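Engineer: Contents are compact mmCIF, C-alpha atoms and all ligand atoms; file name input-v2.txt:
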```txt
# COMPACT_ATOMS: atom_id res chain seq x y z
CA MET O 201 -28.33 -0.38 7.71
CA LYS O 202 -25.64 1.90 9.09
CA LYS O 203 -23.02 3.53 6.94
CA ILE O 204 -19.40 2.67 7.67
CA LEU O 205 -16.29 4.84 7.83
CA PHE O 206 -13.35 2.44 7.94
CA ILE O 207 -10.12 4.20 8.93
CA ILE O 208 -6.84 2.34 8.53
CA LEU O 209 -3.72 3.84 10.08
CA ASP O 210 -0.97 1.92 8.33
CA GLY O 211 1.41 0.01 10.59
CA LEU O 212 -0.40 1.38 13.67
CA GLY O 213 0.45 -1.38 16.16
CA ASP O 214 3.70 -1.12 18.09
CA ARG O 215 5.62 -2.44 21.09
CA PRO O 216 6.57 -0.69 24.36
CA ILE O 217 9.50 1.68 23.91
CA LYS O 218 11.92 2.42 26.73
CA GLU O 219 12.35 6.07 25.75
CA LEU O 220 8.56 6.52 25.93
CA GLY O 221 8.40 5.16 29.48
CA ASN O 222 7.72 1.64 28.20
CA LYS O 223 4.67 2.83 26.31
CA THR O 224 3.88 2.31 22.65
CA PRO O 225 3.64 5.46 20.48
CA LEU O 226 -0.17 5.11 20.53
CA GLU O 227 -0.19 4.75 24.33
CA ALA O 228 2.19 7.65 24.80
CA ALA O 229 0.31 9.96 22.43
CA LYS O 230 -2.29 12.41 23.77
CA THR O 231 -5.40 11.21 21.96
CA PRO O 232 -8.55 12.58 23.63
CA ASN O 233 -10.57 12.06 20.48
CA PHE O 234 -9.54 8.49 19.77
CA ASP O 235 -10.22 7.85 23.46
CA PHE O 236 -13.68 9.42 23.14
CA LEU O 237 -14.48 7.01 20.29
CA ALA O 238 -13.06 4.08 22.27
CA SER O 239 -14.97 5.09 25.42
CA ASN O 240 -18.24 5.25 23.54
CA GLY O 241 -17.66 2.21 21.36
CA VAL O 242 -16.35 -1.33 21.54
CA CYS O 243 -12.70 -2.33 21.26
CA GLY O 244 -10.59 -5.37 20.63
CA LEU O 245 -7.50 -6.77 18.96
CA ILE O 246 -7.18 -7.93 15.36
CA LYS O 247 -4.64 -10.57 14.41
CA PRO O 248 -3.33 -9.64 10.95
CA VAL O 249 -3.05 -12.35 8.34
CA TYR O 250 0.24 -13.18 6.71
CA GLN O 251 1.85 -15.56 4.29
CA GLY O 252 5.60 -15.82 4.18
CA SER O 253 7.68 -14.18 6.86
CA PHE O 254 5.69 -11.02 7.67
CA PRO O 255 2.37 -9.38 6.74
CA SER O 256 2.37 -7.17 3.66
CA SER O 257 0.05 -4.18 3.45
CA LYS O 258 -1.83 -5.55 0.45
CA ASP O 259 -2.40 -9.02 1.94
CA ALA O 260 -3.41 -7.46 5.24
CA HIS O 261 -5.95 -5.22 3.48
CA LEU O 262 -7.41 -8.03 1.38
CA SER O 263 -7.95 -10.15 4.46
CA LEU O 264 -9.30 -7.30 6.59
CA PHE O 265 -11.88 -6.57 3.90
CA GLY O 266 -12.93 -10.22 3.94
CA TYR O 267 -11.13 -11.67 0.91
CA ASP O 268 -9.53 -15.08 1.42
CA LEU O 269 -5.83 -14.89 0.55
CA LYS O 270 -5.76 -18.54 -0.46
CA LYS O 271 -7.98 -17.59 -3.35
CA TRP O 272 -7.26 -13.95 -4.10
CA ARG O 273 -3.59 -13.33 -3.39
CA MET O 274 -1.97 -11.17 -6.07
CA ASN O 275 1.55 -9.86 -6.36
CA ARG O 276 2.34 -6.25 -5.59
CA GLY O 277 3.03 -5.29 -9.24
CA VAL O 278 -0.70 -5.51 -9.93
CA PHE O 279 -1.61 -3.00 -7.21
CA GLU O 280 1.15 -0.60 -8.19
CA VAL O 281 0.21 -0.31 -11.86
CA LEU O 282 -3.47 0.06 -10.97
CA GLY O 283 -2.61 2.59 -8.27
CA ILE O 284 -0.87 4.88 -10.75
CA GLY O 285 -3.89 4.63 -13.03
CA MET O 286 -2.68 2.22 -15.72
CA ASP O 287 -5.21 0.03 -17.50
CA LEU O 288 -4.38 -3.59 -16.68
CA LYS O 289 -5.93 -6.50 -18.58
CA LYS O 290 -6.36 -10.06 -17.40
CA GLU O 291 -3.57 -11.54 -19.54
CA ASP O 292 -1.05 -8.75 -18.82
CA ILE O 293 1.98 -9.05 -16.56
CA ALA O 294 2.39 -6.11 -14.15
CA LEU O 295 5.65 -5.06 -12.50
CA ARG O 296 6.81 -2.27 -10.27
CA GLY O 297 10.05 -0.60 -11.10
CA ASN O 298 12.66 1.94 -10.03
CA PHE O 299 14.71 4.16 -12.26
CA SER O 300 18.21 3.52 -10.98
CA THR O 301 21.85 4.27 -11.75
CA VAL O 302 24.27 1.58 -12.96
CA ASP O 303 27.87 1.83 -14.13
CA SER O 304 29.20 0.46 -17.44
CA ASN O 305 29.36 -3.07 -15.93
CA PHE O 306 25.75 -2.86 -14.71
CA LYS O 307 26.84 -2.53 -11.11
CA ILE O 308 24.10 -0.71 -9.20
CA ILE O 309 25.34 2.67 -7.95
CA ASP O 310 22.01 3.95 -6.65
CA ARG O 311 18.70 2.06 -6.60
CA ARG O 312 16.77 5.34 -6.92
CA ALA O 313 18.85 7.35 -9.40
CA GLY O 314 19.40 10.11 -6.84
CA ARG O 315 15.64 10.19 -6.21
CA ILE O 316 15.08 11.78 -9.62
CA PRO O 317 11.92 13.88 -9.25
CA ASP O 318 10.50 13.82 -12.78
CA THR O 319 10.83 10.88 -15.16
CA LYS O 320 8.18 11.87 -17.71
CA PRO O 321 10.62 12.28 -20.66
CA LEU O 322 12.31 8.96 -19.83
CA VAL O 323 9.02 7.08 -19.59
CA LYS O 324 7.93 8.63 -22.87
CA ALA O 325 11.12 7.46 -24.59
CA LEU O 326 10.52 3.83 -23.60
CA HIS O 327 6.73 3.52 -23.57
CA GLY O 328 5.27 1.28 -26.28
CA MET O 329 8.48 -0.59 -27.20
CA THR O 330 7.71 -4.00 -28.73
CA ILE O 331 10.01 -7.01 -28.42
CA GLN O 332 9.09 -10.34 -30.05
CA GLY O 333 5.43 -9.39 -30.13
CA VAL O 334 5.35 -8.23 -26.50
CA LYS O 335 4.42 -4.62 -25.93
CA PHE O 336 5.97 -2.77 -22.97
CA LEU O 337 3.72 -0.11 -21.45
CA LEU O 338 5.16 2.25 -18.85
CA GLY O 339 3.41 4.45 -16.32
CA ILE O 340 4.90 7.26 -14.25
CA GLY O 341 4.98 6.66 -10.50
CA VAL O 342 6.00 8.98 -7.70
CA SER O 343 9.58 10.30 -8.11
CA TYR O 344 11.89 7.48 -9.35
CA ARG O 345 9.12 4.84 -9.36
CA LEU O 346 7.28 3.47 -12.36
CA GLY O 347 4.83 0.77 -13.37
CA ILE O 348 5.44 -1.61 -16.26
CA ILE O 349 2.93 -3.76 -18.13
CA LEU O 350 3.91 -6.56 -20.53
CA ARG O 351 1.14 -7.17 -23.04
CA GLY O 352 1.19 -10.05 -25.50
CA LYS O 353 0.90 -13.82 -25.88
CA TYR O 354 2.64 -16.62 -23.96
CA LEU O 355 3.49 -14.52 -20.90
CA SER O 356 3.89 -15.67 -17.30
CA ASP O 357 4.33 -13.96 -13.94
CA LYS O 358 6.51 -16.81 -12.68
CA ILE O 359 9.71 -14.83 -13.07
CA SER O 360 12.29 -13.66 -10.56
CA ASP O 361 12.89 -10.07 -9.44
CA GLY O 362 15.51 -7.93 -11.10
CA ASP O 363 16.10 -6.10 -7.83
CA PHE O 364 17.39 -7.52 -4.56
CA HIS O 365 17.01 -4.19 -2.70
CA LYS O 366 20.79 -3.91 -2.70
CA ALA O 367 23.23 -1.52 -4.33
CA GLY O 368 26.87 -2.34 -5.06
CA ILE O 369 25.99 -5.61 -6.83
CA LYS O 370 25.47 -6.31 -10.52
CA ALA O 371 21.85 -5.74 -11.57
CA PRO O 372 20.28 -9.21 -11.30
CA LYS O 373 19.08 -10.87 -14.50
CA ILE O 374 15.45 -11.98 -14.64
CA LEU O 375 15.10 -15.77 -14.44
CA ALA O 376 12.19 -18.13 -15.03
CA LYS O 377 10.86 -19.45 -11.72
CA GLU O 378 9.38 -22.55 -13.30
CA ASN O 379 10.42 -24.84 -16.10
CA ARG O 380 7.78 -23.74 -18.62
CA LYS O 381 8.27 -22.03 -21.91
CA GLU O 382 6.03 -19.08 -20.99
CA ALA O 383 8.14 -18.23 -17.93
CA LYS O 384 11.38 -18.61 -19.90
CA PHE O 385 10.04 -16.49 -22.75
CA THR O 386 8.85 -13.73 -20.39
CA ALA O 387 12.21 -13.60 -18.61
CA LYS O 388 13.99 -13.44 -21.98
CA VAL O 389 11.95 -10.57 -23.44
CA LEU O 390 12.07 -8.65 -20.17
CA ASN O 391 15.88 -8.95 -20.02
CA GLU O 392 16.03 -7.74 -23.59
CA PHE O 393 13.78 -4.80 -22.77
CA LEU O 394 15.96 -3.82 -19.80
CA LEU O 395 19.09 -3.86 -21.99
CA LYS O 396 17.47 -1.84 -24.79
CA SER O 397 16.08 0.63 -22.25
CA HIS O 398 19.56 1.07 -20.82
CA GLN O 399 20.91 1.95 -24.29
CA ILE O 400 18.16 4.54 -24.77
CA LEU O 401 18.36 5.92 -21.24
CA LYS O 402 22.12 6.38 -21.12
CA ASN O 403 21.98 8.55 -24.26
CA HIS O 404 18.86 10.45 -23.26
CA PRO O 405 19.29 14.26 -23.14
CA LEU O 406 17.76 14.40 -19.65
CA ASN O 407 20.46 12.07 -18.32
CA LYS O 408 23.23 13.91 -20.15
CA LYS O 409 21.99 17.08 -18.47
CA ARG O 410 21.91 15.36 -15.08
CA ILE O 411 25.50 14.16 -15.44
CA LYS O 412 26.61 17.69 -16.38
CA LYS O 413 24.98 18.98 -13.20
CA GLY O 414 26.74 16.33 -11.14
CA GLN O 415 23.53 14.33 -10.62
CA LEU O 416 23.14 10.58 -11.03
CA PRO O 417 21.70 9.51 -14.40
CA ALA O 418 18.54 7.36 -14.39
CA ASN O 419 20.03 4.84 -16.81
CA TYR O 420 18.55 1.49 -15.76
CA ILE O 421 15.25 0.04 -14.57
CA LEU O 422 15.12 -2.34 -11.62
CA VAL O 423 11.93 -4.41 -11.75
CA ARG O 424 10.21 -6.59 -9.19
CA THR O 425 7.02 -8.34 -7.98
CA ALA O 426 5.56 -9.50 -11.30
CA GLY O 427 1.88 -10.27 -11.00
CA LYS O 428 -1.31 -11.00 -12.87
CA LEU O 429 -4.73 -9.55 -12.21
CA LYS O 430 -7.38 -11.81 -10.74
CA LYS O 431 -10.96 -10.75 -11.23
CA LEU O 432 -12.17 -10.83 -7.67
CA PRO O 433 -15.74 -9.90 -6.78
CA SER O 434 -16.06 -6.16 -6.21
CA PHE O 435 -16.49 -4.89 -2.67
CA GLU O 436 -19.97 -3.71 -3.60
CA LYS O 437 -20.95 -7.12 -4.92
CA LYS O 438 -19.45 -8.97 -1.98
CA TRP O 439 -20.84 -6.84 0.84
CA LYS O 440 -23.76 -5.05 -0.86
CA LEU O 441 -22.23 -1.70 0.02
CA LYS O 442 -21.60 1.14 -2.41
CA SER O 443 -18.02 1.94 -1.55
CA CYS O 444 -15.34 4.57 -2.03
CA CYS O 445 -11.75 5.19 -0.97
CA VAL O 446 -9.77 8.21 0.25
CA ALA O 447 -6.02 7.52 0.07
CA GLY O 448 -2.78 9.22 -0.90
CA GLY O 449 -0.39 6.28 -1.39
CA VAL O 450 -0.21 4.47 -4.74
CA LEU O 451 -0.61 0.96 -3.32
CA TYR O 452 -3.82 1.88 -1.51
CA LYS O 453 -5.33 3.45 -4.59
CA GLY O 454 -4.44 0.18 -6.32
CA ILE O 455 -6.18 -1.79 -3.59
CA ALA O 456 -9.29 0.38 -4.02
CA ASN O 457 -9.13 -0.21 -7.77
CA VAL O 458 -8.98 -3.99 -7.30
CA PHE O 459 -12.09 -3.77 -5.08
CA LYS O 460 -13.76 -1.44 -7.63
CA MET O 461 -14.17 1.25 -4.99
CA ASP O 462 -14.57 4.78 -6.37
CA LEU O 463 -11.52 6.90 -5.62
CA ILE O 464 -12.28 10.28 -4.01
CA ARG O 465 -9.53 12.69 -4.96
CA VAL O 466 -8.25 15.05 -2.27
CA LYS O 467 -5.77 17.83 -2.95
CA GLU O 468 -2.38 17.29 -1.34
CA ALA O 469 -3.19 13.77 -0.15
CA THR O 470 0.38 12.54 -0.41
CA GLY O 471 0.56 9.31 1.58
CA LYS O 472 3.28 10.96 3.66
CA SER O 473 3.42 12.89 6.94
CA ASP O 474 2.73 16.20 5.14
CA THR O 475 -0.55 14.85 3.81
CA ASN O 476 -3.71 16.94 3.89
CA LEU O 477 -5.25 15.11 6.86
CA GLN O 478 -8.05 17.57 7.37
CA GLY O 479 -9.00 17.43 3.70
CA LYS O 480 -8.98 13.65 3.69
CA ILE O 481 -11.12 13.29 6.80
CA LYS O 482 -13.59 15.92 5.56
CA ALA O 483 -13.81 14.21 2.17
CA ALA O 484 -14.38 10.84 3.82
CA LYS O 485 -17.19 12.28 5.93
CA LYS O 486 -18.83 13.94 2.93
CA SER O 487 -18.52 10.82 0.80
CA LEU O 488 -20.93 8.99 3.08
CA ASN O 489 -23.77 11.20 1.84
CA LYS O 490 -23.47 9.23 -1.36
CA TYR O 491 -21.74 5.97 -0.39
CA ASP O 492 -22.43 3.26 2.21
CA PHE O 493 -18.79 2.51 2.94
CA CYS O 494 -15.70 4.70 2.92
CA TYR O 495 -12.20 3.28 3.29
CA LEU O 496 -9.91 6.04 4.57
CA HIS O 497 -6.22 5.17 4.47
CA ILE O 498 -3.56 7.10 6.40
CA LYS O 499 -0.03 6.04 5.62
CA ALA O 500 2.54 8.04 7.61
CA THR O 501 2.28 5.99 10.83
CA ASP O 502 3.99 3.21 8.87
CA ASN O 503 6.62 5.52 7.34
CA PHE O 504 7.73 6.73 10.79
CA SER O 505 7.83 3.12 12.01
CA HIS O 506 10.10 1.98 9.18
CA ASP O 507 12.45 4.85 10.05
CA GLY O 508 12.38 3.87 13.73
CA ASP O 509 11.09 7.37 14.51
CA PHE O 510 8.83 6.67 17.50
CA LEU O 511 8.52 10.34 18.44
CA GLY O 512 7.44 11.16 14.88
CA LYS O 513 4.88 8.35 14.99
CA LYS O 514 3.53 9.56 18.33
CA LYS O 515 3.24 13.15 17.08
CA PHE O 516 1.59 12.07 13.86
CA ILE O 517 -1.01 10.01 15.77
CA GLU O 518 -1.72 13.16 17.81
CA LYS O 519 -2.13 15.13 14.58
CA VAL O 520 -4.68 12.62 13.29
CA ASP O 521 -6.46 12.77 16.64
CA LYS O 522 -6.85 16.57 16.42
CA ASN O 523 -8.73 16.18 13.13
CA LEU O 524 -11.28 13.68 14.39
CA PRO O 525 -13.98 15.80 16.09
CA ILE O 526 -15.72 16.64 12.80
CA LEU O 527 -16.72 12.98 12.69
CA PHE O 528 -18.49 12.97 16.03
CA ASN O 529 -21.84 14.26 14.81
CA MET O 530 -22.27 11.75 11.99
CA LYS O 531 -25.63 10.05 12.22
CA ASN O 532 -26.32 6.40 11.57
CA THR O 533 -22.65 5.69 10.93
CA LEU O 534 -20.19 3.19 12.35
CA ILE O 535 -16.64 4.47 12.66
CA VAL O 536 -13.97 1.75 12.63
CA VAL O 537 -10.36 2.59 13.46
CA THR O 538 -7.54 0.07 13.17
CA GLY O 539 -4.33 -0.70 11.28
CA ASP O 540 -3.48 -3.21 8.59
CA HIS O 541 -0.49 -4.70 10.47
CA SER O 542 1.90 -3.64 13.21
CA THR O 543 5.19 -1.96 12.40
CA PRO O 544 7.06 -1.63 15.71
CA CYS O 545 9.52 1.29 15.60
CA LYS O 546 12.27 -0.80 17.17
CA VAL O 547 11.84 -3.57 14.58
CA LYS O 548 11.39 -1.20 11.61
CA GLU O 549 9.54 -3.94 9.72
CA HIS O 550 5.99 -5.28 9.62
CA THR O 551 5.11 -7.81 12.29
CA ALA O 552 2.08 -9.96 12.99
CA ASP O 553 1.50 -8.42 16.44
CA PRO O 554 -2.22 -7.95 17.15
CA LEU O 555 -3.68 -4.54 16.27
CA PRO O 556 -5.95 -2.34 18.36
CA VAL O 557 -9.39 -1.76 16.88
CA LEU O 558 -12.35 0.37 17.90
CA VAL O 559 -15.88 0.42 16.54
CA PHE O 560 -17.90 3.49 17.42
CA GLY O 561 -21.61 3.88 16.74
CA SER O 562 -23.25 0.75 18.07
CA LYS O 563 -22.39 -0.85 21.40
CA LYS O 564 -20.21 0.16 24.31
CA ASP O 565 -17.71 -1.63 26.55
CA GLU O 566 -15.43 -0.74 29.46
CA VAL O 567 -12.39 0.39 27.42
CA ARG O 568 -11.60 4.09 27.90
CA LYS O 569 -8.38 4.47 25.94
CA PHE O 570 -7.44 3.54 22.40
CA SER O 571 -4.23 1.55 22.80
CA GLU O 572 -2.80 -1.90 22.24
CA LYS O 573 -3.02 -2.76 25.94
CA GLU O 574 -6.47 -1.33 26.69
CA CYS O 575 -8.13 -2.68 23.56
CA ALA O 576 -7.15 -6.19 24.67
CA LYS O 577 -9.80 -5.82 27.42
CA GLY O 578 -12.58 -4.88 25.00
CA LYS O 579 -15.77 -6.65 24.04
CA ILE O 580 -14.64 -7.53 20.53
CA GLY O 581 -11.92 -9.70 22.06
CA ARG O 582 -9.24 -11.13 19.81
CA ILE O 583 -10.31 -11.75 16.28
CA LYS O 584 -8.61 -12.82 13.06
CA SER O 585 -8.64 -10.16 10.37
CA PHE O 586 -10.48 -12.33 7.85
CA GLY O 587 -13.64 -12.57 9.99
CA PHE O 588 -13.73 -8.93 11.02
CA MET O 589 -15.82 -7.37 8.19
CA LYS O 590 -18.67 -9.79 8.83
CA LYS O 591 -18.68 -8.88 12.51
CA VAL O 592 -18.78 -5.16 11.70
CA LEU O 593 -21.70 -5.57 9.30
CA THR O 594 -23.74 -7.54 11.80
CA CYS O 595 -22.53 -5.47 14.79
CA ASN O 596 -21.93 -8.84 16.36
CA PHE O 597 -19.58 -7.89 19.21
ZN ZN B 1 0.69 -1.41 5.70
```
Using structure tokens, write down the structure from this file.
Structural biologist:
Amino acid sequence: MKKILFIILDGLGDRPIKELGNKTPLEAAKTPNFDFLASNGVCGLIKPVYQGSFPSSKDAHLSLFGYDLKKWRMNRGVFEVLGIGMDLKKEDIALRGNFSTVDSNFKIIDRRAGRIPDTKPLVKALHGMTIQGVKFLLGIGVSYRLGIILRGKYLSDKISDGDFHKAGIKAPKILAKENRKEAKFTAKVLNEFLLKSHQILKNHPLNKKRIKKGQLPANYILVRTAGKLKKLPSFEKKWKLKSCCVAGGVLYKGIANVFKMDLIRVKEATGKSDTNLQGKIKAAKKSLNKYDFCYLHIKATDNFSHDGDFLGKKKFIEKVDKNLPILFNMKNTLIVVTGDHSTPCKVKEHTADPLPVLVFGSKKDEVRKFSEKECAKGKIGRIKSFGFMKKVLTCNF
């Protein structure tokens, strides 16, 4: 059985861009090493799965790794709290949150509280608060972000978001999304928590200091995407592969946690364009001495896409490419390269456009370049994401 290095470049797929001579960033990029892998492997297109209006990263990952969304779909809050290392239990409700700035009428001034860099003292001041038997546990995220767990009886994740991704409006109240007492109770205690937190935050010394310095106070928490953990079969159990993950972004660490993949820590793996690419790729290679499967996630392709920065995306793809040659001498290993969904730079949002994929280490086809257009001619053909893992494991191309 071959080992597998599964590389996901987030939001890789794109559409032709006029300024790039009607090429996609991947087509326009100089990628001799991706092209080497494509030339000596098999290629194709993966159709990402989606529910709702566009594919989310977490749903796309679940499906790509062979988990049926009809059965295993979970809200983003779950992945976020796990990704920042909080301990989530089956009955808990998980939410993601932002420290934000509101005025005295709860009008949102800034959804990110001036991108406050360190919220440790604020989280400490609120962590462990109990309201009507429900305990509120808080975890520190990156910059202004945080994770929140509600622990107690009679809780439900069928509650609305307290954040519409909009400033200038009054902070939305949490509402029950179904007519059951658990949902109503959860909305009520969460609203109460948000009010009490506001009282504590607005008087917190850190915020008083920020105001003095002319900075925005982090005086309110905007919460969203409440979810509950489902105990899905681990990746190892499902595919009989001892697996690990190398990732910088919180969500992807959360995804690895849900799959019970071991997380390999790499210094300066940030999930941004300044990430330690070389360190991540080296760590992924080394991990396969011990593991059968390594999931390597690279995030910045998606960040550039959301900003509409096609030149940045192209350059970043080239930077990844430069770091690939150390993988060429791996024995008995399949290297898979694809994305989770497309994020065209001109759309700036995720789309369900098919994604290029290459599998190096087994068979060969006629494709010589790793790109959306060329991969369409490959031996893998067009395949839905859900069936892909099985094909890789059986090398059935
Ligand atoms: Zn993604």
Engineer: Quick check, in Å to one decimal: how far apart do atom CA of Ile308 of chain O and atom CA of Val423 of chain O lie?
Structural biologist: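 Taking atom CA of Ile308 of chain O and atom CA of Val423 of chain O, their separation equals 13.0 Å.
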Engineer: Which residues are near ligand ZN 1 (chain B) - at most 6 Å, using all atoms listed in the file? Format: as a PyMOL selection string.
Structural biologist: chain O and resi 210-211+257+540-541
Engineer: Could you pull the residues within 10 Å of Glu574 of chain O, counting all atoms listed in the file, minus those fewer than 2 positions along the same chain, as a PyMOL selection string?
Structural biologist: chain O and resi 227+238+243-245+556+566-572+576-578
Engineer: Name all residues at most 9 Å from Gly368 of chain O (count only C-alpha atoms; drop same-chain ones fewer than 5 positions away) and give them as a count of residues only.
Structural biologist: 4
Engineer: Name the closest residue to Tyr420 of chain O among the candidates O:Lys437, O:Lys384, O:Arg312, O:His550; distances are taken between atoms, counting only C-alpha atoms.
Structural biologist: O:Arg312
Engineer: Find the residue from O:Leu350, O:Ile583, O:Leu406, O:Ala376 that sits nearest to Phe393 of chain O; use only C-alpha atoms when measuring.
Structural biologist: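 Smallest separation from Phe393 of chain O among the options: O:Leu350.
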Engineer: Within 9 Å of segment 478-488 of chain O, counting only C-alpha atoms, which residues qualify if same-chain residues fewer than 2 places away don't, as a PyMOL selection string?
Structural biologist: chain O and resi 203-205+443-448+464-469+475-476+490-498+520+523-524+526-527+530+533
Engineer: Restricting the calculation to only C-alpha atoms: of O:Asn457, O:Ser253, O:Ser356, O:Asn419, which residue gets closest to Asp292 of chain O?
Structural biologist: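 Among the listed residues, the smallest separation from Asp292 of chain O belongs to O:Ser356.
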Engineer: Leaving out Val342 of chain O and any residue of its chain fewer than 6 positions from it, which residues lie within 12 Å of it when counting all atoms listed in the file, given as a list of chain:residue names?
Structural biologist: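 Returned residues: O:Glu280, O:Val281, O:Gly283, O:Ile284, O:Arg296, O:Gly297, O:Asn298, O:Phe299, O:Arg312, O:Arg315, O:Ile316, O:Pro317, O:Asp318, O:Thr319, O:Lys320, O:Gly448, O:Gly449, O:Val450, O:Leu451, O:Thr470, O:Gly471, O:Lys472.
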Engineer: Kindly give the distance, in Å, that separates atom CA of Leu288 of chain O and atom CA of Ser256 of chain O, rounded to a single decimal.
Structural biologist: 21.7 Å
Engineer: Skip segment 275-278 of chain O itself and residues of its chain fewer than 5 positions away, then list as a list in words all residues within 7 Å of it, counting all atoms listed in the file.
Structural biologist: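 Close residues of segment 275-278 of chain O: Ala294, Leu295, Arg296, Thr425, Ala426, Gly427, Lys428 and Leu429 of chain O.
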Engineer: Counting only C-alpha atoms, figure out which residue out of O:Tyr452, O:Trp439, O:Phe364, O:Phe528 gets nearest to Arg424 of chain O.
Structural biologist: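 For Arg424 of chain O, the nearest of the candidates is O:Phe364.
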Engineer: Counting all atoms listed in the file, which residue out of O:Phe336, O:Phe504, O:Phe385, O:Phe435 sits closest to Tyr354 of chain O?
Structural biologist: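 That would be O:Phe385, the residue with the smallest distance to Tyr354 of chain O.
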Engineer: Measuring atom to atom with all atoms listed in the file, identify which of O:Ile207, O:Leu463, O:Val242, O:Ile374 is nearest to Cys575 of chain O.
Structural biologist: O:Val242
Engineer: Could you check how far atom CA of Gly561 of chain O sits from atom CA of Gly454 of chain O, in Å to one decimal?
Structural biologist: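 Those two atoms sit 29.0 Å apart.
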